[in-house]
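Engineer: Take a look at this one; I'll ask things after.
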Amino acid sequence: MTSSSSQDLHPTSGARFLFTRTDDAGYAVEIYAAGGARHSTTLRWDDQGNAALEPGLADEALTREVLKLARVVKRSQQERLLRWRA
């Protein structure tokens with residue numbers, strides 16, 4: 001049996017994105033980035049169907065990737081979605 005640690009959550013390059021549905025049809029988003037950085041935000045859609053992050057992310061590349069993945073979770077309506085990106 002192999003033991004794991006929180007370091008296993010952080011990729012050596014790129015980022016791991018975890019979307020978890022909340023009670024109000026939005027998603028809690030956890031991002032584990034290379035170098036040990038961790039970011040949290042909430043994904044919701046407005047009345048026109050546009051995705052929005054609350055709070056916003058300072059890293060524009062991470063924001064773009066979350067918004068791309070927002071289309072996947074909106075279409076699939078999964079309870080959880082995990083994606084690794086380089």
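Identifiers for the structure tokens are assigned positionally: chains receive A, B, ... in sequence, residues are indexed from 1 per chain, and ligands are indexed from 1 in the order shown.
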Hey, what's within 7 Å of Thr20 of chain A if we count only C-alpha atoms and toss same-chain stuff fewer than 5 positions away? As a ChimeraX atom specification, please?
Structural biologist: /A:27-29,79-81
Engineer: Next, the residues of the selection above should be written as a PDB file, in the first residue's frame with N, CA and C atoms.
Structural biologist:
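Once written, result-v8.pdb looks like this:
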```
ATOM      1  N   TYR A  27     -20.966  25.545  -8.903  1.00  0.00           N
ATOM      2  CA  TYR A  27     -19.885  24.604  -8.613  1.00  0.00           C
ATOM      3  C   TYR A  27     -18.813  25.280  -7.779  1.00  0.00           C
ATOM      4  N   ALA A  28     -18.354  24.594  -6.747  1.00  0.00           N
ATOM      5  CA  ALA A  28     -17.150  25.003  -6.035  1.00  0.00           C
ATOM      6  C   ALA A  28     -15.985  24.513  -6.881  1.00  0.00           C
ATOM      7  N   VAL A  29     -15.002  25.372  -7.105  1.00  0.00           N
ATOM      8  CA  VAL A  29     -13.864  25.017  -7.945  1.00  0.00           C
ATOM      9  C   VAL A  29     -12.589  25.118  -7.116  1.00  0.00           C
ATOM     10  N   GLU A  79     -21.982  15.753 -10.894  1.00  0.00           N
ATOM     11  CA  GLU A  79     -21.803  16.187  -9.506  1.00  0.00           C
ATOM     12  C   GLU A  79     -20.364  16.621  -9.258  1.00  0.00           C
ATOM     13  N   ARG A  80     -19.427  15.894  -9.860  1.00  0.00           N
ATOM     14  CA  ARG A  80     -17.995  16.210  -9.727  1.00  0.00           C
ATOM     15  C   ARG A  80     -17.321  16.040 -11.074  1.00  0.00           C
ATOM     16  N   LEU A  81     -16.358  16.913 -11.328  1.00  0.00           N
ATOM     17  CA  LEU A  81     -15.570  16.817 -12.549  1.00  0.00           C
ATOM     18  C   LEU A  81     -14.120  17.120 -12.179  1.00  0.00           C
TER      19      LEU A  81
END
```
Engineer: Among chain A, which residues does DSSP mark as strand (DSSP E or B) when it is run on the backbone? Keep the chain and numbering as in the structure and answer as a VMD selection string.
Structural biologist: chain A and resid 15 to 21 27 to 33 38 to 45 51 to 54 80 to 85
Engineer: List as a ChimeraX atom specification the protein and nucleic acid residues near Gly56 of chain A, meaning an atom at most 9 Å away when only C-alpha atoms are counted, but skip any in the same chain fewer than 6 places from it.
Structural biologist: /A:41-42,63
Engineer: Among segment 11-64 of chain A, which residues carry a DSSP assignment of helix (DSSP H, G or I), reported as a list in words?
Structural biologist: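 The helix (DSSP H, G or I) subset of segment 11-64 of chain A is Ala34, Gly35, Gly36, Glu60, Ala61, Leu62, Thr63 and Arg64 of chain A.
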Engineer: Output the selection as a PDB file, in the first residue's frame - N, CA and C atoms for each residue.
Structural biologist:
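Result saved to result.pdb:
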```pdb
ATOM      1  N   ALA A  34       0.859  23.828 -10.231  1.00  0.00           N
ATOM      2  CA  ALA A  34       2.264  23.467 -10.065  1.00  0.00           C
ATOM      3  C   ALA A  34       2.916  24.417  -9.065  1.00  0.00           C
ATOM      4  N   GLY A  35       3.855  23.900  -8.324  1.00  0.00           N
ATOM      5  CA  GLY A  35       4.542  24.720  -7.336  1.00  0.00           C
ATOM      6  C   GLY A  35       3.833  24.790  -6.004  1.00  0.00           C
ATOM      7  N   GLY A  36       2.713  24.086  -5.862  1.00  0.00           N
ATOM      8  CA  GLY A  36       2.013  24.043  -4.582  1.00  0.00           C
ATOM      9  C   GLY A  36       0.936  25.088  -4.390  1.00  0.00           C
ATOM     10  N   GLU A  60      -4.922  34.929 -15.146  1.00  0.00           N
ATOM     11  CA  GLU A  60      -5.792  34.913 -16.327  1.00  0.00           C
ATOM     12  C   GLU A  60      -5.812  33.558 -17.027  1.00  0.00           C
ATOM     13  N   ALA A  61      -4.682  32.855 -17.044  1.00  0.00           N
ATOM     14  CA  ALA A  61      -4.631  31.537 -17.691  1.00  0.00           C
ATOM     15  C   ALA A  61      -5.532  30.547 -16.956  1.00  0.00           C
ATOM     16  N   LEU A  62      -5.531  30.583 -15.620  1.00  0.00           N
ATOM     17  CA  LEU A  62      -6.408  29.704 -14.848  1.00  0.00           C
ATOM     18  C   LEU A  62      -7.871  30.078 -15.069  1.00  0.00           C
ATOM     19  N   THR A  63      -8.155  31.364 -15.132  1.00  0.00           N
ATOM     20  CA  THR A  63      -9.525  31.821 -15.384  1.00  0.00           C
ATOM     21  C   THR A  63     -10.020  31.299 -16.725  1.00  0.00           C
ATOM     22  N   ARG A  64      -9.200  31.437 -17.772  1.00  0.00           N
ATOM     23  CA  ARG A  64      -9.597  30.947 -19.098  1.00  0.00           C
ATOM     24  C   ARG A  64      -9.881  29.451 -19.073  1.00  0.00           C
TER      25      ARG A  64
END
```
Engineer: Using only C-alpha atoms, pick whichever of A:Thr12, A:Trp45, A:Ile31, A:Arg38 has the shortest atom-to-atom distance to Val73 of chain A.
Structural biologist: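 Checking each candidate against Val73 of chain A, we get A:Trp45 as the closest.
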Engineer: Can you list, as a list in words, every protein, DNA or RNA residue that comes within 12 Å of Glu65 of chain A when you count only C-alpha atoms, leaving out same-chain residues fewer than 3 positions away?
Structural biologist: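 Close residues of Glu65 of chain A: Gly14, Ala15, Arg16, Phe17, Leu18, Val29, Ile31, Leu53, Leu57, Asp59, Glu60, Ala61, Leu62, Lys68, Leu69, Ala70, Arg71, Val72, Arg83, Trp84, Arg85 and Ala86 of chain A.
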Engineer: To one decimal place, how far is atom CA of Val66 of chain A from atom CA of Gln48 of chain A in Å?
Structural biologist: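 So the two atoms, atom CA of Val66 of chain A and atom CA of Gln48 of chain A, lie 18.4 Å apart.
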